[in-house]
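What follows is a short report on a single structure.
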Amino acid sequence: VLSPRTGRPHLESTSMTGLTTLALAREQSRLGAVGRTLAFAGGAVVLSIGDYLTGADVAFTALYVLLVALGAWAGGQALGVGLSTFATASWFLTETATATRRLSAAVTAWNALSELAVFLVVTALVVALRRALGAERRLAHTDLLTGLLSRRGLLAAGQVEQARLQRGGRGLTVAFVDVDGFKAVNDTRGHHAGDALLQCVGETLLHELRAFDVAGRWGGDEFVLLLPDDGEDPEGALLERVRLALERAARRRGFAVGFSIGVQRFTAPAPPLEQMLQAADLRMYEDKAARRPR
């Protein structure tokens, strides 16, 4: 779910438990698609029987259009095209078997092709509409500068993780990451350099995190990470690797900055998401104070 959460991290950093979770999610998605297909196929059969029993004099085109539109919305172009073909065949059989006035083969074929064209146009329009809405939704949940989730996207993903934890799932580590010295970069080298630094942070997080982790830009130079426990890769060790990777990436690009990371782990029963974020934010300021030269 845009992974919609972190982009496409390298699979070698993904644990076996994470891969198993992803495989189960794919299998559930496949079974859901099969179930949707069977449900719409059953609806198409029922509709065709009704069309046949009522005869060619009772128009079922509007009902077929509705079925095709719903199928294309729920199952995409493949299901929409399949339902369009089935609806056209059903109309053709009903027309040839029950019509009170016999038409020439050419006229009947033309009418069937016209029906099919209408159904296919409806399919194309519905699929295009859904894709456009999906793109708008992804855009609203994505930080355009870094490629990570936006604050809105983080809150949505956080609610999902909080609900999973509330149901008794594995623990969840929440981390706040702050760029130490970011203001100095902006003040001395300009906002273009500051943007380049933030992009560097986003790219590094996408590369270092696991496929099922959540990463997003909270605002300014602050980032939030949501790290579900997997039982194999301790989150503390993961975050230390992330910190070192961020520092190396920043140095390679000429930025003399550091990174403060506040970490708080939660288990069920889960507190509200706002409290989880506040706790990690507090830990981040504690880490910043501890790392400040005395």
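We label chains A, B, ... in the order they appear in the structure tokens, count residues from 1 in each chain, and number ligands from 1 in the order shown.
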Residue neighbourhood Val263 of chain A, 10 Å, only C-alpha atoms, exclusion window fewer than 2 positions, as a ChimeraX atom specification:
/A:173-177,225,235-236,239,260-261,265,277,279-284,287
Export of prior selection with C-alpha atoms as a JSON list (two decimals), in the first residue's frame:
[["chain", "number", "residue", "atom", "x", "y", "z"],
["A", 173, "THR", "CA", 9.20, 1.11, 16.89],
["A", 174, "VAL", "CA", 8.57, 4.79, 16.15],
["A", 175, "ALA", "CA", 11.59, 6.95, 15.34],
["A", 176, "PHE", "CA", 11.96, 10.71, 14.81],
["A", 177, "VAL", "CA", 14.97, 11.76, 12.72],
["A", 225, "LEU", "CA", 10.02, 6.09, 10.68],
["A", 235, "GLU", "CA", 15.29, -2.02, 15.37],
["A", 236, "GLY", "CA", 18.08, -0.43, 17.43],
["A", 239, "LEU", "CA", 18.49, 2.60, 13.18],
["A", 260, "SER", "CA", 19.57, 12.99, 15.93],
["A", 261, "ILE", "CA", 17.24, 10.00, 16.21],
["A", 265, "ARG", "CA", 9.15, 1.01, 21.01],
["A", 277, "LEU", "CA", 4.70, 10.29, 17.90],
["A", 279, "ALA", "CA", 7.11, 10.05, 22.78],
["A", 280, "ALA", "CA", 9.50, 9.50, 19.87],
["A", 281, "ASP", "CA", 9.80, 13.25, 19.33],
["A", 282, "LEU", "CA", 10.80, 13.70, 22.98],
["A", 283, "ARG", "CA", 13.43, 10.97, 22.63],
["A", 284, "MET", "CA", 14.80, 12.77, 19.59],
["A", 287, "ASP", "CA", 19.37, 12.35, 21.71]]
Need the shell around Ala72 of chain A: protein/DNA/RNA residues with any atom at most 9 Å away, counting only C-alpha atoms. Skip same-chain ones fewer than 3 positions apart. Format as a PyMOL selection string?
chain A and resi 67-69+75-81+83+122-124+126-127
Please produce a file of the residues just selected, as a PDB file, in the first residue's frame, where the atoms kept are N, CA and C atoms.
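Final output, saved to out35.pdb:
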ATOM      1  N   LEU A  67     -23.228  -3.193 -14.712  1.00  0.00           N
ATOM      2  CA  LEU A  67     -22.394  -4.335 -14.321  1.00  0.00           C
ATOM      3  C   LEU A  67     -20.959  -4.159 -14.815  1.00  0.00           C
ATOM      4  N   VAL A  68     -20.802  -3.744 -16.061  1.00  0.00           N
ATOM      5  CA  VAL A  68     -19.467  -3.546 -16.626  1.00  0.00           C
ATOM      6  C   VAL A  68     -18.722  -2.447 -15.877  1.00  0.00           C
ATOM      7  N   ALA A  69     -19.416  -1.346 -15.570  1.00  0.00           N
ATOM      8  CA  ALA A  69     -18.776  -0.229 -14.865  1.00  0.00           C
ATOM      9  C   ALA A  69     -18.306  -0.650 -13.476  1.00  0.00           C
ATOM     10  N   GLY A  75     -12.308  -4.535 -10.508  1.00  0.00           N
ATOM     11  CA  GLY A  75     -11.314  -5.495 -10.979  1.00  0.00           C
ATOM     12  C   GLY A  75     -10.391  -5.014 -12.061  1.00  0.00           C
ATOM     13  N   GLY A  76     -10.571  -3.787 -12.516  1.00  0.00           N
ATOM     14  CA  GLY A  76      -9.670  -3.259 -13.518  1.00  0.00           C
ATOM     15  C   GLY A  76     -10.086  -3.582 -14.943  1.00  0.00           C
ATOM     16  N   GLN A  77      -9.182  -3.295 -15.863  1.00  0.00           N
ATOM     17  CA  GLN A  77      -9.493  -3.400 -17.288  1.00  0.00           C
ATOM     18  C   GLN A  77      -9.797  -4.833 -17.715  1.00  0.00           C
ATOM     19  N   ALA A  78      -9.049  -5.796 -17.201  1.00  0.00           N
ATOM     20  CA  ALA A  78      -9.245  -7.185 -17.633  1.00  0.00           C
ATOM     21  C   ALA A  78     -10.656  -7.666 -17.315  1.00  0.00           C
ATOM     22  N   LEU A  79     -11.117  -7.394 -16.086  1.00  0.00           N
ATOM     23  CA  LEU A  79     -12.466  -7.815 -15.715  1.00  0.00           C
ATOM     24  C   LEU A  79     -13.505  -7.039 -16.506  1.00  0.00           C
ATOM     25  N   GLY A  80     -13.264  -5.748 -16.721  1.00  0.00           N
ATOM     26  CA  GLY A  80     -14.205  -4.944 -17.497  1.00  0.00           C
ATOM     27  C   GLY A  80     -14.356  -5.450 -18.920  1.00  0.00           C
ATOM     28  N   VAL A  81     -13.241  -5.795 -19.550  1.00  0.00           N
ATOM     29  CA  VAL A  81     -13.290  -6.324 -20.922  1.00  0.00           C
ATOM     30  C   VAL A  81     -13.988  -7.680 -20.947  1.00  0.00           C
ATOM     31  N   LEU A  83     -16.292  -8.818 -18.861  1.00  0.00           N
ATOM     32  CA  LEU A  83     -17.733  -8.607 -18.675  1.00  0.00           C
ATOM     33  C   LEU A  83     -18.361  -7.988 -19.921  1.00  0.00           C
ATOM     34  N   VAL A 122     -17.159   2.332 -21.788  1.00  0.00           N
ATOM     35  CA  VAL A 122     -17.448   2.470 -20.359  1.00  0.00           C
ATOM     36  C   VAL A 122     -16.293   1.910 -19.534  1.00  0.00           C
ATOM     37  N   THR A 123     -15.786   0.749 -19.938  1.00  0.00           N
ATOM     38  CA  THR A 123     -14.645   0.152 -19.231  1.00  0.00           C
ATOM     39  C   THR A 123     -13.442   1.085 -19.238  1.00  0.00           C
ATOM     40  N   ALA A 124     -13.116   1.624 -20.407  1.00  0.00           N
ATOM     41  CA  ALA A 124     -11.951   2.507 -20.519  1.00  0.00           C
ATOM     42  C   ALA A 124     -12.111   3.757 -19.665  1.00  0.00           C
ATOM     43  N   VAL A 126     -14.024   4.177 -16.946  1.00  0.00           N
ATOM     44  CA  VAL A 126     -13.995   3.848 -15.516  1.00  0.00           C
ATOM     45  C   VAL A 126     -12.568   3.557 -15.062  1.00  0.00           C
ATOM     46  N   VAL A 127     -11.825   2.793 -15.855  1.00  0.00           N
ATOM     47  CA  VAL A 127     -10.432   2.478 -15.500  1.00  0.00           C
ATOM     48  C   VAL A 127      -9.590   3.750 -15.455  1.00  0.00           C
TER      49      VAL A 127
END
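As for atom CA of His141 of chain A and atom CA of Gly158 of chain A, they are spaced 12.4 Å apart.
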Interatomic distance (Å, one decimal) between atom CA of Arg170 of chain A and atom CA of Leu148 of chain A:
24.0 Å
Which residues are close to Arg130 of chain A, i.e. within 9 Å by only C-alpha atoms, leaving aside same-chain residues fewer than 5 positions away? Reply as a list in words.
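In the requested format, the answer is Trp73, Gly76, Leu125 and Ala135 of chain A.
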Prev. selection, N, CA and C atoms, output as a PDB file, in the first residue's frame:
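Contents of part_27.pdb, freshly written:
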ATOM      1  N   TRP A  73     -14.381  -1.000 -12.223  1.00  0.00           N
ATOM      2  CA  TRP A  73     -13.928  -0.257 -11.038  1.00  0.00           C
ATOM      3  C   TRP A  73     -13.298  -1.202 -10.020  1.00  0.00           C
ATOM      4  N   GLY A  76     -10.571  -3.787 -12.516  1.00  0.00           N
ATOM      5  CA  GLY A  76      -9.670  -3.259 -13.518  1.00  0.00           C
ATOM      6  C   GLY A  76     -10.086  -3.582 -14.943  1.00  0.00           C
ATOM      7  N   LEU A 125     -13.300   4.340 -19.671  1.00  0.00           N
ATOM      8  CA  LEU A 125     -13.540   5.553 -18.885  1.00  0.00           C
ATOM      9  C   LEU A 125     -13.443   5.281 -17.392  1.00  0.00           C
ATOM     10  N   ALA A 135      -3.867   8.258  -8.628  1.00  0.00           N
ATOM     11  CA  ALA A 135      -2.695   9.126  -8.754  1.00  0.00           C
ATOM     12  C   ALA A 135      -2.830  10.355  -7.869  1.00  0.00           C
TER      13      ALA A 135
END
Separation of atom CA of Ala89 of chain A and atom CA of Glu115 of chain A, in Å?
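One can read the atom CA of Ala89 of chain A to atom CA of Glu115 of chain A distance as 9.6 Å.
The smallest atom-to-atom distance between Arg164 of chain A and any of A:Asp229, A:Ser84, A:Gln264, A:Asp178, using only C-alpha atoms, is found for A:Asp229.
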Which of segment 13-187 of chain A DSSP labels strand (DSSP E or B), written as a PyMOL selection string
chain A and resi 142+149+172-180
